[in-house]
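Peer 1: Please read through the structure below; I'll follow up with questions.
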Amino acid sequence: MAAREAPAGGAPHPYIPHTDEDRRLMLARLGLSSTAELFQEIPERFRDPPLELPPALAERELIAFMAARAADNAAAREHPRFLGAGAYHRFVPSVAGSIVQRGEFATAYTPYQPEISQGTLQAAFEFQSVVCELTGMEVANTGLYDVGSATAEAVLMAARITRRRAVAVLEPIHPGTLDVLRTYAGAADLELEVVAAPADPADPGSAVDGALGERHACLVVQQPDFLGGIVDLDRITAAAHRRGALVVAVCDPLALGLLRAPGDSGVDVVTGEGRDLAGPVSFGGPSLGLFAARRDYVRQLPGRIVGRTRELHGPRGAEGAEQEPRTGYVLTLQAREQFIRRERATSNFSTGQQLIALGFTVALQTLGPRGLRESAELCYQRAHAAAARIDALAGYSARGRGSWWFQEFLLRGPLPPAELLARLAERGISGGLDLSGRAEQEAHGALLVCVTEATPPGHVDALVRALESIGGAQGGEDPA
Amino acid sequence: MSTAERDIGARLAFDRGSPGRRGVGVPSWEGERAPLPPAGLLRERLRLPELSQGEIVRYYTALSRLNYGIDSGTYPLGSCTMKYNPKVDDLMAALPGLAEAHPLDDAGRVQGVLRIGCELQEALCSLTGFAAASLAPAAGAQGELAGVLMVKRALADRGDLAARRRILVPDSAHGTNPATAAMAGFTVTQIPTAADGSMDREALERELDGSVAAAMVTMPNTLGLWERGIDEVAELVHAAGAYLYADGANLNAILGRARFGDLGFDVAHVNLHKSFSTPHGGGGPGAGPVLCGEELAPYLPAPVVVAEEGGFRLGRPPRSIGRLQQFHGSYGVLVRAYAYLRSMGLDGLRAVSEHAVLNANYLRALLVEAYDIPYDRGRVLHEVVLAGTRQRREHGVRTYDIAKRLIDHGLHPPTVYFPLIVEEALMIEPTETEPREAVEDFASAMLAIAEEAARDPDLVRSAPVSAPIGRLDEATAARRPDLRWLPAGDD
Amino acid sequence: MELPGGLLYTAEHEWLQIAGDRGTIGITDYAQDQLGDIVYVELPEPGSRLESGAVFGVVESVKTVSDLYAPVSGEVLERNERLEDEPELVNAAPYGEAWMLRLRIEDPAQLESLLSPEAYEELTRQEQNGG
């Protein structure tokens, strides 16, 4: 590669503007002869250690280099893919991607100075409002890292509110979320109990009833559940509230375009993953943890909250008279936060996911009430139609979990799941998630296959053809 | 709507548009319709704005104009390292092979992504002098939590956790340090700062005993100063059986010049949205990788990227504290940081710390006469902490007012009232990407405000007058929280 | 700064008014002035017990949070519910409408360690000079 030569005395890098002349002027003002003197406080034996780092790339070189890295992934090429399991290929309006690229939003810091941060602040208030409407809850924060950590924060909040030390988690829940819950519950020395999946998520009452006691701060439940089933949250909350436990519902925001708002079911805290409605999946991050709760808990919320207020004084008009104060937005209820309350804060949360929250807000407001409902229904119909076609193939079964399901179904074929995935991969198809090792009976020998509103019909055709040819080669007997 | 809209805050997107408008079309479903779940499982209403696409774009464009970013001008927030964010890095993160990669795809199908992760881990280890890294933490505070939980688990494994329930934190620390310690179930003991701006060594030695799990030290510290004798501090901490944690928020000051591992730290986090120039987004997303030496490596959060013969894969360290996120970390941010590293190289990164420190010292020299400088050593690293004490005492003008007046001068204010040990603090970090003229312009504004404070204090106290909006009623906002849109008549 | 006679004070800026074995607690004018606009007051429920010198509640202003320390031990008989919706009363009338708790005093001997108005005034003077 060609080395990039700076002109003699020029700036060291396109991102660093100082020329020799700048350095000379500045050092003269400091009474120094070289910048090395600025680092003299670092003991010599630690100073400027030899390091191994690759040499700098000029912009064109960087682009070529990164493009090669990017090309070394299946995602670089358009191909049929049916992996979901918490990261969904979604239809995101282009407007959202365009707005989040604006430097005024993307290159601002956390809005500590409200007078020159109204863009971020007002957009965050829109976000809180969208999350409240979608979830049917009364208050929301400006977002947390991801669904896993948001759910963990919800559990910590439930423990603070109820002063109870045990947490129940209803299967099937995303294993990544469960892992994060273990990390955070362990940190806070809470006891975590996993409750076996109910046979039908639409009728979870007895499974929940038997597992909950007076020691539980909350029950965590995923909607739709990890295997795709739609849960009757009304029955869950009734059972949990009888024990004085709160209910934390982990919801897919697109599914909420169709499903009953969890707030209407009496849920106490709603979390969710907003990333896939806001922008690219991006190997699972950066993400966006949605967090909404009942108003009673507003002072227990983790994270940042934006409030609406007014100017203390209106601006001066042409004649010097004070005009009506204008509406503005500020970070509020900050005494909960680490920079004020330190070791007694509700969380250590600081930098979050503001730009992803902006994308989420613009995307949902662009979709509007009808667009979101249509997207959710399209997702439901495409998934159900795909499952019906595959189920009709000799040697395959494709069924959703429970009475009702949303976008993911369980696929069984003439081969064990790992082999089936490999055969599909040979045909350029990303076939789904191997569920081997899960406890649920219906997951045994199955793949979790996801079809969304953004899955092109041609991709489903390709999957059906591929399964047919794989099945034909095996001789098609219906799986047990 | 135009930018001339007098009170844009009074009308949210929810208050605009008209029923029946829409911003985007959704393909219709032509096939057979599967029955929907019964009404009891379906939602009753969904209130979202109904706007045409152009209305949405104009509204959010108008909002963006009320903001100030590093693209707009100097943004010298101390401890935040607001440097220029290279545009090419955004483009790299958007390459479909990276942006569309699925986190659960087979490792063989995401080798490019995993290789970036692995090489970033290696580069960060090299820069910090550590043996191992995990890119899982979503931000600095989560990196801190990971580091403290690693310590907790290591103590438990050696049967020492029951006795060690305290974490020592200097009184100059970021609030996240004590908050993290508390989240991990530890109590916090504060260590005072000595007159030279380093930790009070005697106080530290007094507190160091068998009840201490770790000490968390920001390096360089929040006064922009080198923590003197840090290697001796490390020896003391280790002799007491505790671990030493480095808060790497201020890494920009010493990039390529000193390494946490060499200094004796056991574990650290670094903020990629600070030193490695990924855009802060108005409050994230960031990334806060955690790094450590051999001893704590088995405890790193999952996943880590492992290089093996034949390729890269995700792995879980044997005694891992577990996952911090459902998936693997803020990869979109990690890609940007990696692109930044590759575009800088070692010489470029050393030039970063060199000019960040040069700018901070130059700014200090320009302001030293007009403002008080507590804990002054005559020299700083990446940032300088001034005190508005003289302006308060002599003219009744507070740091808060000075910050607001800077807005009228077209600049973003520095961090104020932090660190907590400095009264009327103004914590200024110019970063290396500010040209000499920008540093001089900022200093000129600060000098002008010092003069204004003497000549016309009411002018400073009523600032800003040229911002999109004036000072806001934060007390009422907190007393009677108004936190969401509701339709007229529904509140 | 307002400093009514007839009350007892603590070094943590609470006041205590005595009537028999009953006491009323609030924070001082000096304290509210130092805190600035008070936005929230968190108080224990009636029936709970205060331990002399221990934290019993919290006062929040926009950018700070401050603990409340019990001047004496005793059982909480009543708390000022108005402060929940009108925390600004603490700024406006710290000795009057913004009283915080009424309690039954357990041990009158604890009153001896509290400060007279004069002693408290001296303490605040020192604090201001020191700061």
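Every chain in the structure tokens takes a letter, A first, then B, and so on in the order presented; its residues are numbered from 1, and the ligands are numbered from 1 following the presented order.
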Could the residues of chain A that have an atom at most 9 Å from chain C be listed as a tab-separated table, each with its closest atom pair and the distance in Å to one decimal, counting only C-alpha atoms and ordered by chain and ascending residue number?
Peer 2:
```
residue	atom	partner	partner_atom	distance
A:Thr332	CA	C:Val62	CA	7.9
A:Leu333	CA	C:Val62	CA	7.5
A:Gln334	CA	C:Lys63	CA	6.9
A:Ala335	CA	C:Val65	CA	6.1
A:Arg336	CA	C:Val65	CA	8.8
A:Ile340	CA	C:Thr64	CA	6.0
A:Arg341	CA	C:Val65	CA	6.7
```
Peer 1: Quick one: residues within 12 Å of region 428-431 of chain A, only C-alpha atoms, excluding same-chain residues fewer than 5 positions away - as a PyMOL selection string?
Peer 2: (chain A and resi 74-75+77-84+410-412+417-423+446-451+459-467) or (chain B and resi 101-102+104-106+108-110)
Peer 1: Please produce a file of those selected residues containing N, CA and C atoms, as a compact mmCIF listing (two decimals), in the first residue's frame.
Peer 2:
```txt
# COMPACT_ATOMS: atom_id res chain seq x y z
N ALA A 74 -21.99 -13.62 4.86
CA ALA A 74 -23.11 -14.01 4.01
C ALA A 74 -24.04 -12.82 3.75
N ALA A 75 -24.13 -11.92 4.74
CA ALA A 75 -25.08 -10.81 4.62
C ALA A 75 -24.71 -9.85 3.50
N ARG A 77 -24.43 -10.54 0.56
CA ARG A 77 -25.20 -10.92 -0.63
C ARG A 77 -26.67 -11.15 -0.24
N GLU A 78 -27.55 -10.66 -1.06
CA GLU A 78 -28.98 -10.89 -0.86
C GLU A 78 -29.24 -12.40 -0.90
N HIS A 79 -29.82 -12.95 0.15
CA HIS A 79 -30.10 -14.38 0.16
C HIS A 79 -31.26 -14.66 1.10
N PRO A 80 -31.97 -15.77 0.86
CA PRO A 80 -33.11 -16.07 1.73
C PRO A 80 -32.63 -16.36 3.15
N ARG A 81 -33.25 -15.73 4.13
CA ARG A 81 -32.83 -15.94 5.52
C ARG A 81 -34.05 -16.00 6.44
N PHE A 82 -34.01 -16.95 7.31
CA PHE A 82 -35.17 -17.22 8.17
C PHE A 82 -34.77 -17.29 9.64
N LEU A 83 -33.66 -16.60 9.94
CA LEU A 83 -33.23 -16.51 11.34
C LEU A 83 -33.91 -15.31 11.97
N GLY A 84 -34.51 -15.54 13.13
CA GLY A 84 -35.09 -14.44 13.88
C GLY A 84 -34.54 -14.51 15.29
N LEU A 410 -42.19 -23.73 14.40
CA LEU A 410 -41.28 -24.85 14.64
C LEU A 410 -41.32 -25.77 13.44
N LEU A 411 -40.16 -25.99 12.85
CA LEU A 411 -40.06 -26.79 11.63
C LEU A 411 -39.34 -28.10 11.93
N ARG A 412 -39.99 -29.20 11.55
CA ARG A 412 -39.35 -30.52 11.65
C ARG A 412 -39.33 -31.17 10.28
N PRO A 417 -32.09 -31.36 12.94
CA PRO A 417 -32.05 -29.91 12.65
C PRO A 417 -30.69 -29.44 12.12
N ALA A 418 -29.59 -29.89 12.72
CA ALA A 418 -28.29 -29.39 12.29
C ALA A 418 -28.02 -29.78 10.84
N GLU A 419 -28.42 -31.01 10.49
CA GLU A 419 -28.19 -31.46 9.11
C GLU A 419 -29.08 -30.71 8.13
N LEU A 420 -30.31 -30.49 8.56
CA LEU A 420 -31.24 -29.75 7.70
C LEU A 420 -30.69 -28.35 7.44
N LEU A 421 -30.17 -27.70 8.48
CA LEU A 421 -29.59 -26.36 8.33
C LEU A 421 -28.43 -26.40 7.35
N ALA A 422 -27.59 -27.44 7.47
CA ALA A 422 -26.42 -27.53 6.59
C ALA A 422 -26.85 -27.69 5.14
N ARG A 423 -27.88 -28.52 4.91
CA ARG A 423 -28.36 -28.71 3.53
C ARG A 423 -28.93 -27.41 2.96
N ALA A 446 -36.41 -29.64 16.44
CA ALA A 446 -37.03 -28.60 15.61
C ALA A 446 -36.08 -27.45 15.31
N LEU A 447 -36.39 -26.78 14.21
CA LEU A 447 -35.77 -25.49 13.89
C LEU A 447 -36.79 -24.39 14.19
N LEU A 448 -36.29 -23.25 14.68
CA LEU A 448 -37.17 -22.09 14.84
C LEU A 448 -37.01 -21.24 13.59
N VAL A 449 -38.08 -21.16 12.82
CA VAL A 449 -38.02 -20.47 11.53
C VAL A 449 -38.83 -19.18 11.62
N CYS A 450 -38.27 -18.11 11.08
CA CYS A 450 -38.90 -16.79 11.19
C CYS A 450 -39.19 -16.22 9.81
N VAL A 451 -40.41 -15.78 9.63
CA VAL A 451 -40.79 -15.06 8.41
C VAL A 451 -41.41 -13.74 8.86
N HIS A 459 -38.27 -15.43 -1.47
CA HIS A 459 -37.41 -16.15 -0.53
C HIS A 459 -38.15 -17.34 0.08
N VAL A 460 -39.43 -17.15 0.35
CA VAL A 460 -40.23 -18.27 0.87
C VAL A 460 -40.34 -19.36 -0.20
N ASP A 461 -40.55 -18.92 -1.46
CA ASP A 461 -40.60 -19.90 -2.56
C ASP A 461 -39.31 -20.72 -2.58
N ALA A 462 -38.17 -20.03 -2.44
CA ALA A 462 -36.88 -20.71 -2.49
C ALA A 462 -36.75 -21.71 -1.35
N LEU A 463 -37.24 -21.32 -0.17
CA LEU A 463 -37.16 -22.22 0.98
C LEU A 463 -38.01 -23.47 0.74
N VAL A 464 -39.23 -23.24 0.23
CA VAL A 464 -40.13 -24.38 -0.01
C VAL A 464 -39.52 -25.33 -1.03
N ARG A 465 -38.96 -24.77 -2.11
CA ARG A 465 -38.32 -25.60 -3.14
C ARG A 465 -37.15 -26.40 -2.55
N ALA A 466 -36.36 -25.71 -1.74
CA ALA A 466 -35.18 -26.37 -1.17
C ALA A 466 -35.60 -27.50 -0.23
N LEU A 467 -36.59 -27.25 0.60
CA LEU A 467 -37.05 -28.28 1.54
C LEU A 467 -37.61 -29.47 0.76
N ALA B 101 -25.61 -8.33 9.04
CA ALA B 101 -25.19 -9.62 9.61
C ALA B 101 -26.08 -9.99 10.79
N HIS B 102 -26.50 -11.25 10.82
CA HIS B 102 -27.38 -11.69 11.91
C HIS B 102 -26.56 -12.25 13.06
N LEU B 104 -27.04 -14.48 15.24
CA LEU B 104 -27.08 -15.91 15.55
C LEU B 104 -26.68 -16.76 14.35
N ASP B 105 -26.21 -16.09 13.30
CA ASP B 105 -25.82 -16.86 12.13
C ASP B 105 -24.60 -17.72 12.46
N ASP B 106 -24.45 -18.79 11.70
CA ASP B 106 -23.32 -19.68 11.87
C ASP B 106 -22.01 -18.90 11.71
N GLY B 108 -19.28 -19.48 10.43
CA GLY B 108 -18.70 -19.53 9.09
C GLY B 108 -19.29 -18.51 8.13
N ARG B 109 -20.44 -17.97 8.46
CA ARG B 109 -21.12 -17.03 7.57
C ARG B 109 -20.92 -15.59 8.01
N VAL B 110 -20.20 -15.36 9.11
CA VAL B 110 -19.96 -14.00 9.59
C VAL B 110 -18.48 -13.81 9.94
```
Peer 1: Mind the document's chain letters and residue numbers, and return as an NGL selection string the residues of region 10-128 of chain C that DSSP labels helix (DSSP H, G or I).
Peer 2: :C and (29-35 or 82-85 or 89-92 or 108-113 or 117-128)
Peer 1: Got a sec: who's within 12 Å of Ser134 (chain B), counting only C-alpha atoms, leaving out chain neighbours fewer than 6 positions off, as a ChimeraX atom specification?
Peer 2: /B:117-122,124-125,142-143,146-147,150,267-270,287-293,296-306,314-317,320-324,328-330,334
Peer 1: Ala214 (chain B): which residues within 9 Å, counting only C-alpha atoms, same-chain residues fewer than 5 positions away excluded, as JSON, numbers by chain?
Peer 2: {"B": [148, 151, 164, 166, 167, 168, 169, 237, 241, 242, 243, 244, 245]}
Peer 1: Keeping only C-alpha atoms, write the selected residues as a PDB file, in the first residue's frame.
Peer 2:
```pdb
ATOM      1  CA  VAL B 148     -16.462  -4.929  39.055  1.00  0.00           C
ATOM      2  CA  VAL B 151     -13.521  -8.777  40.536  1.00  0.00           C
ATOM      3  CA  ARG B 164     -14.283  -7.983  50.971  1.00  0.00           C
ATOM      4  CA  ARG B 166     -15.865  -2.354  50.101  1.00  0.00           C
ATOM      5  CA  ILE B 167     -14.717  -0.510  46.995  1.00  0.00           C
ATOM      6  CA  LEU B 168     -12.547   2.579  47.274  1.00  0.00           C
ATOM      7  CA  VAL B 169     -13.364   5.466  44.958  1.00  0.00           C
ATOM      8  CA  VAL B 237      -3.709  -2.247  46.532  1.00  0.00           C
ATOM      9  CA  GLY B 241      -5.260  -8.377  48.378  1.00  0.00           C
ATOM     10  CA  ALA B 242      -7.497  -6.093  46.333  1.00  0.00           C
ATOM     11  CA  TYR B 243      -7.774  -5.294  42.619  1.00  0.00           C
ATOM     12  CA  LEU B 244      -7.125  -2.015  40.840  1.00  0.00           C
ATOM     13  CA  TYR B 245      -9.698  -0.849  38.285  1.00  0.00           C
TER      14      TYR B 245
END
```
Peer 1: Should the cut-off be 8 Å, what would the residue list for chain B against chain C look like, counting only C-alpha atoms, as an mmCIF file with all heavy atoms, in the first residue's frame?
Peer 2:
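Result went into iface-v6.cif, see below:
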```cif
data_model
loop_
_atom_site.group_PDB
_atom_site.id
_atom_site.type_symbol
_atom_site.label_atom_id
_atom_site.label_comp_id
_atom_site.auth_asym_id
_atom_site.auth_seq_id
_atom_site.Cartn_x
_atom_site.Cartn_y
_atom_site.Cartn_z
ATOM 1 N N GLU B 474 -36.834 24.201 35.194
ATOM 2 C CA GLU B 474 -36.517 22.811 35.530
ATOM 3 C C GLU B 474 -37.172 22.382 36.843
ATOM 4 O O GLU B 474 -37.427 21.203 37.061
ATOM 5 C CB GLU B 474 -35.001 22.623 35.601
ATOM 6 C CG GLU B 474 -34.318 22.894 34.267
ATOM 7 C CD GLU B 474 -32.847 22.500 34.255
ATOM 8 O OE1 GLU B 474 -32.536 21.391 34.712
ATOM 9 O OE2 GLU B 474 -32.031 23.311 33.790
ATOM 10 N N ALA B 475 -37.426 23.356 37.730
ATOM 11 C CA ALA B 475 -38.044 23.007 39.013
ATOM 12 C C ALA B 475 -39.463 22.491 38.805
ATOM 13 O O ALA B 475 -39.844 21.435 39.336
ATOM 14 C CB ALA B 475 -38.036 24.221 39.935
ATOM 15 N N THR B 476 -40.255 23.212 38.019
ATOM 16 C CA THR B 476 -41.621 22.754 37.767
ATOM 17 C C THR B 476 -41.604 21.421 37.012
ATOM 18 O O THR B 476 -42.431 20.543 37.261
ATOM 19 C CB THR B 476 -42.409 23.818 36.976
ATOM 20 O OG1 THR B 476 -42.409 25.013 37.750
ATOM 21 C CG2 THR B 476 -43.841 23.387 36.725
ATOM 22 N N ALA B 478 -39.598 19.017 37.352
ATOM 23 C CA ALA B 478 -39.345 17.914 38.295
ATOM 24 C C ALA B 478 -40.464 17.787 39.329
ATOM 25 O O ALA B 478 -40.745 16.693 39.820
ATOM 26 C CB ALA B 478 -38.010 18.132 38.990
ATOM 27 N N ARG B 479 -41.111 18.912 39.689
ATOM 28 C CA ARG B 479 -42.186 18.844 40.689
ATOM 29 C C ARG B 479 -43.447 18.209 40.122
ATOM 30 O O ARG B 479 -44.131 17.450 40.799
ATOM 31 C CB ARG B 479 -42.531 20.261 41.173
ATOM 32 C CG ARG B 479 -41.529 20.821 42.145
ATOM 33 C CD ARG B 479 -41.805 22.295 42.407
ATOM 34 N NE ARG B 479 -40.756 22.842 43.269
ATOM 35 C CZ ARG B 479 -40.416 24.128 43.285
ATOM 36 N NH1 ARG B 479 -41.034 24.991 42.491
ATOM 37 N NH2 ARG B 479 -39.463 24.537 44.085
ATOM 38 N N ARG B 480 -43.780 18.591 38.908
ATOM 39 C CA ARG B 480 -45.007 18.078 38.289
ATOM 40 C C ARG B 480 -44.641 17.500 36.930
ATOM 41 O O ARG B 480 -44.848 18.111 35.893
ATOM 42 C CB ARG B 480 -46.034 19.209 38.171
ATOM 43 C CG ARG B 480 -46.757 19.447 39.496
ATOM 44 C CD ARG B 480 -47.636 20.667 39.500
ATOM 45 N NE ARG B 480 -46.910 21.856 39.945
ATOM 46 C CZ ARG B 480 -46.586 22.087 41.220
ATOM 47 N NH1 ARG B 480 -46.926 21.235 42.167
ATOM 48 N NH2 ARG B 480 -45.929 23.175 41.548
#
```
Peer 1: Using only C-alpha atoms, pick whichever of B:Asp89, B:Asp231, B:Glu100, B:Asp15 has the shortest atom-to-atom distance to chain A.
Peer 2: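 Once distances to chain A are computed over only C-alpha atoms, the minimum belongs to B:Glu100.
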Peer 1: Set the distance at 8 Å and use only C-alpha atoms: which residues neighbour region 138-154 of chain A once local chain neighbours fewer than 4 positions away are removed? I'd like the list as an MDAnalysis selection string.
Peer 2: (chainID A and resid 124:125 127:129 131:132 158 176:178 180:181 184:185 248 250 269 271:274 286:295 298 301:306 347 352:354 357) or (chainID B and resid 138 285 324:326 483:484)
Peer 1: Can you tell me, as JSON, numbers by chain, what residues are no more than 9 Å from region 42-52 of chain C when counting only C-alpha atoms, ignoring any on the same chain fewer than 2 positions away?
Peer 2: {"C": [40, 54, 55, 56, 57, 58, 59, 60, 68, 69, 70, 71, 72, 73, 74, 75, 76, 77, 78, 79, 80, 83, 84, 100, 101, 102, 103, 110]}
Peer 1: Would you mind reading off the distance between CA of Arg90 (chain A) and CA of Gly229 (chain A), one decimal, in Å?
Peer 2: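 According to the coordinates, CA of Arg90 (chain A) and CA of Gly229 (chain A) are separated by 19.2 Å.
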Peer 1: From the set C:Gln126, C:Glu106, C:Glu97, C:Thr28, which residue has the shortest atom-to-atom contact distance to Thr10 (chain C), counting only C-alpha atoms?
Peer 2: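 Among C:Gln126, C:Glu106, C:Glu97, C:Thr28, it is C:Thr28 that comes nearest to Thr10 (chain C).
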Peer 1: May I have the residues within 9 Å of His13 (chain C) as number ranges by chain, using only C-alpha atoms and disregarding those fewer than 6 positions away in the same chain?
Peer 2: C: 26-31, 68-69, 120, 124
Peer 1: Under the rule that only C-alpha atoms are counted, which of B:Pro103, B:Gly229, B:Gly197, B:Pro464 is the nearest residue to chain A?
Peer 2: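 The closest residue to chain A is B:Pro103.
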Peer 1: Could you tell me how far CA of Leu134 (chain A) lies from CA of Leu51 (chain B), in Å and to one decimal?
Peer 2: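 Spanning CA of Leu134 (chain A) to CA of Leu51 (chain B) is a straight-line distance of 17.4 Å.
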Peer 1: Have a look at A:Gln223, A:Ser375, A:Ser397, A:Gln122 and name the one nearest to Leu415 (chain A); count only C-alpha atoms.
Peer 2: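 Counting only C-alpha atoms, the residue closest to Leu415 (chain A) is A:Ser397.
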Peer 1: Could you state the separation of CA of Ala403 (chain B) and CA of Tyr15 (chain A) in Å, given to one decimal place?
Peer 2: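 Computing it gives 27.1 Å between the two atoms.
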Peer 1: Measuring between only C-alpha atoms, which one of A:Arg29, A:Tyr380, A:Glu440, A:Ala454 shows the shortest distance to Asp200 (chain A)?
Peer 2: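 The shortest atom-to-atom distance to Asp200 (chain A) comes from A:Glu440.
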